[in-house]
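Below is one structure, written out as structure tokens; the observations come after it.
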Amino acid sequence: YVPLALTNQKNGEPVVVVQYEGKWLDELKMLKMDILGLKTLTIIKKTIELVKQSRGIEVDIDNVDLTDRKTFTLLAKGKTDGIFQFESPGMKKYLIELKPNVFEDLIAMVALYRPGPMQFIDSFINRKHGREKVRFIHPLTENALRETYGVTVYQEQVMQIAREMGGLSGAEADTLRKAIAKKKLKLMNKLKVKFVEGAKKKGVSEKITEKVWSDWLDFANYAFNKSHATAYAYIAFQTAFLKAHYPVEFMASLLSSEDNPAKIPYFMDECKNMGIEIEPPNINASEKEFIVRGNKIVFGLKAIKNVGSAAIASILEERKAHGKFKNIFSLATRVDPIAVNKAVLESLIAAGALDELEGNRAQKYEAIEKVLDYAASVQTEKKRGQMMLFDSLLDDEDDDKFLPKLPEVKEWSLNYKLKKEKEILGFYWSGHPLNQYKDILEFFVNITTEKAEYEPDKVPDRIIIAGVVSDITKKSDKKGNPFAVVTLEDLYGKFELALFGEKYQTYFHKIDEGKRVFIFGRKSSYSNGGENLLRLIPDSLYLMEELSQVLSGRVYLKVSEETFNKEFSNKIKKEFLKHTGKFELYFDVETKKFKTLRIHPQKLRIFPDKLIIDFLKENISEKPKIIVNYPKN
């Protein structure tokens with residue numbers, strides 16, 4: 001028995017604790033167990049359940065094939081988002097370099113990827129691939145260190161060397177392991193005498209013995225238990241196996257298990273990269289969590305901001321009992337008005353979850369007060385019993401005729417719709433704020449986040465890129481000077497902009513969430529986490545609306561002699577005068593007599609925006625050639 005006590009944890013419930021310290025329990029020969037909760041186990045369980053539901057397959061995850069090629073291919077490519085222990089940018093980098101092909105490689109990486117032993121990772125990788133010679137300080141260490149290419153990684157290797165080189169018993173070797181792990185130098189020195197004597201009897205020189213012991217003292221700073229690393233690597237392999245073989249079910253489980261709303265967009269992007277389609281939130285199709293339907297994932301209601309468990313339960317129970325919802329008025333009368341309140345309705349509308357119901361988003365949003373008043377009056381009448389007889393005389397179609405009408409309101413603009421989606425979902429669903437510039441950005445930028453990720457060696461010295469501001473973090477340096485780290489998104493991914501000193505003073509006032517900006521800059525060495533992210537410092541920054549006055553250049557249009565007539569010329573002039581700018585215009589007219597005749601209207605200057613590009617697509621078969629003159633720094 002041990003004495004107990006009741007203690008109040010900070011910001012928590014009273015907890016029963018043992019009055020002895022942990023080290024005393026060891027000395028008393030009592031068993032001490034650390035029991036930790038692991039969300040990954042829930043993800044594995046949910047994935048297996050989804051696979052059974054969607055494919056009718058029972059996955060025996062406890063007997064997973066540890067030589068599975070498809071899993072090792074996924075790991076070797078660094079496609080490890082959502083994979084336990086292996087999803088950090090640094091670990092991805094090392095996995096790509098290591099190209100693991102045996103389970104033991106994964107165990108080693110779990111043990112090595114920590115402060116301290118991380119310094120040995122490059123050597124471990126180079127030795128595996130034969131770029132560095134595998135060396136053993138003495139033949140008696142080879143048995144223990146062969147699987148890790150001569151690098152001491154685990155406490156168990158110390159135990160094995162202690163037995164095979166120093167002649168220690170199994171119990172003494174285990175005591176040495178514990179002494180190293182707990183950094184008990186007094187106990188280590190006591191065992192050192194026996195180790196040195198045992199090694200001497202086996203013909204090991206004192207110089208080598210001292211070197212081995214000295215290395216063990218350093219090893220004490222990062223000693224790791226192989227059994228612990230193996231358990232973690234096994235769970236990591238299980239998750240990688242599920243992602244490799246059942247990607248849709250795995251990603252649905254991962255999204256459902258994510259409690260941090262900020263990570264949902266990140267995993268949504270991963271689904272997109274994997275070619276997995278996600279159906280939008282839908283009041284008549286979505287469940288609480290993300291589910292699999294066919295080979296698609298259906299968005300879960302729990303991932304919509306402000307929509308809590310009580311609201312979801314009320315919606316799903318009513319839908320199951322009485323069928324789909326037809327309009328926002330009947331929705332409000334059928335669910336619990338306390339759970340499904342104004343904030344919930346606003347979020348459902350903004351997220352697009354009510355798009356299937358009558359009316360556009362603007363109409364439904366404008367009608368919310370009217371909807372709530374109507375629902376309250378219906379609930380009151382139902383309590384009085386006055387609706388019962390009336391309801392029995394009407395069928396569903398008749399009932400709809402007596403519902404209030406939605407106001408006549410114009411639908412939200414795409415930009416406003418995207419803004420509301422970003423606010424409620426954390427990402428853009430209906431499109432991207434840069435979509436309207438997609439055609440011209442092809443000519444204007446020299447790098448995208450996609451190219452920067454897959455071809456980092458081809459990132460130019462002078463970076464020209466466009467993005468929409470998605471997050472702003474304002475900080476102060478040690479001297480109290482303000483600076484900002486701005487996260488932006490182009491059409492393919494995220495990148496960061498660091499604003500320091502003069503750049504902060506010049507450009508910070510232009511930066512707001514949702515603003516679309518065009519940047520000239522250089523790669524930044526500033527790190528804010530995430531090694532693969534493109535980071536830059538601006539030389540100059542403009543709002544997209546300013547580009548027509550900033551950029552200049554030449555537009556070349558190839559047209560046939562038959563097309564280039566008076567009617568065409570008038571049409572071109574009329575359209576181009578609506579989009580003036582600083583780009584000169586050249587027509588290369590293909591004629592039978594002169595081959596190619598170049599015509600240059602001296603006074604006509606345009607800006608090749610989306611409308612111009614669309615106009616040219618309709619009227620000229622060949623793609624225009626655009627040469628851009630960029631402003632100097």
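Order determines the names: the first chain of the structure tokens is A, the second B, and so forth; residues in each chain are numbered 1 upward, and ligands are numbered 1 upward as they are shown.
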Open item on the list: Residues within 9 Å of segment 263-276 of chain A, please, as a VMD selection string. Count only C-alpha atoms; anything in the same chain fewer than 2 positions from it doesn't count.
Closed with: chain A and resid 81 to 82 247 to 248 251 254 to 255 258 to 261 278 295 to 297 303 425 to 428 493
Task: Contacts of segment 215-220 of chain A within 9 Å, only C-alpha atoms, excl. fewer than 2 positions in-chain, as number ranges by chain - done: A: 116-117, 152-153, 155, 158, 179-183, 185, 210-213, 222-224
Task: Contact residues around Ser430 of chain A with only C-alpha atoms at 10 Å, ignoring same-chain residues under 2 positions, as a PyMOL selection string - done: chain A and resi 280+351-352+414-415+417-418+421+427-428+432-433
Go ahead and dump the residues you just picked, N, CA and C atoms, as a PDB file, in the first residue's frame.
```
ATOM      1  N   PRO A 280     -19.310  19.578 -50.615  1.00  0.00           N
ATOM      2  CA  PRO A 280     -19.511  20.695 -49.686  1.00  0.00           C
ATOM      3  C   PRO A 280     -20.491  20.367 -48.578  1.00  0.00           C
ATOM      4  N   ALA A 351     -21.501  29.048 -44.877  1.00  0.00           N
ATOM      5  CA  ALA A 351     -20.713  27.878 -45.270  1.00  0.00           C
ATOM      6  C   ALA A 351     -21.260  27.201 -46.515  1.00  0.00           C
ATOM      7  N   GLY A 352     -22.464  27.599 -46.943  1.00  0.00           N
ATOM      8  CA  GLY A 352     -23.069  26.979 -48.117  1.00  0.00           C
ATOM      9  C   GLY A 352     -23.866  25.726 -47.787  1.00  0.00           C
ATOM     10  N   LEU A 414     -19.131  37.282 -55.644  1.00  0.00           N
ATOM     11  CA  LEU A 414     -18.236  36.149 -55.407  1.00  0.00           C
ATOM     12  C   LEU A 414     -17.212  36.474 -54.329  1.00  0.00           C
ATOM     13  N   ASN A 415     -16.668  37.678 -54.354  1.00  0.00           N
ATOM     14  CA  ASN A 415     -15.652  38.049 -53.365  1.00  0.00           C
ATOM     15  C   ASN A 415     -16.229  38.042 -51.950  1.00  0.00           C
ATOM     16  N   LYS A 417     -18.878  36.321 -50.956  1.00  0.00           N
ATOM     17  CA  LYS A 417     -19.186  34.915 -50.652  1.00  0.00           C
ATOM     18  C   LYS A 417     -17.921  34.196 -50.176  1.00  0.00           C
ATOM     19  N   LEU A 418     -16.819  34.442 -50.874  1.00  0.00           N
ATOM     20  CA  LEU A 418     -15.548  33.825 -50.499  1.00  0.00           C
ATOM     21  C   LEU A 418     -15.077  34.309 -49.133  1.00  0.00           C
ATOM     22  N   GLU A 421     -17.077  32.499 -46.502  1.00  0.00           N
ATOM     23  CA  GLU A 421     -16.638  31.102 -46.414  1.00  0.00           C
ATOM     24  C   GLU A 421     -15.331  31.001 -45.640  1.00  0.00           C
ATOM     25  N   PHE A 427     -11.379  28.440 -45.067  1.00  0.00           N
ATOM     26  CA  PHE A 427     -10.817  28.357 -46.411  1.00  0.00           C
ATOM     27  C   PHE A 427     -11.894  28.760 -47.417  1.00  0.00           C
ATOM     28  N   TYR A 428     -11.487  28.944 -48.667  1.00  0.00           N
ATOM     29  CA  TYR A 428     -12.416  29.321 -49.730  1.00  0.00           C
ATOM     30  C   TYR A 428     -12.984  28.049 -50.365  1.00  0.00           C
ATOM     31  N   HIS A 432     -11.573  30.948 -55.652  1.00  0.00           N
ATOM     32  CA  HIS A 432     -10.411  31.585 -55.040  1.00  0.00           C
ATOM     33  C   HIS A 432     -10.396  33.044 -55.464  1.00  0.00           C
ATOM     34  N   PRO A 433     -10.068  33.953 -54.540  1.00  0.00           N
ATOM     35  CA  PRO A 433     -10.067  35.385 -54.881  1.00  0.00           C
ATOM     36  C   PRO A 433      -9.162  35.751 -56.057  1.00  0.00           C
TER      37      PRO A 433
END
```
TODO: Find the residues near segment 194-199 of chain A: any atom within 6 Å, counting only C-alpha atoms, skip ones fewer than 5 places away on the same chain, and give them as number ranges by chain.
DONE: A: 165-167, 204
TODO: Would you list the contacts of Ile368 of chain A as a count of residues only, taking every protein, DNA or RNA residue within 10 Å and counting only C-alpha atoms, but skipping same-chain residues closer than 4 positions in sequence?
DONE: 15
- [ ] Please identify which residues in segment 342-392 of chain A DSSP calls alpha helix (DSSP H) from the backbone, and express them as a PyMOL selection string.
- [x] chain A and resi 342-350+361-366+368-384+386-392
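The protein and nucleic acid residues lying at most 9 Å from segment 20-34 of chain A are Val2, Pro3 and Leu4 of chain A, with only C-alpha atoms considered and sequence neighbours fewer than 4 positions away removed.
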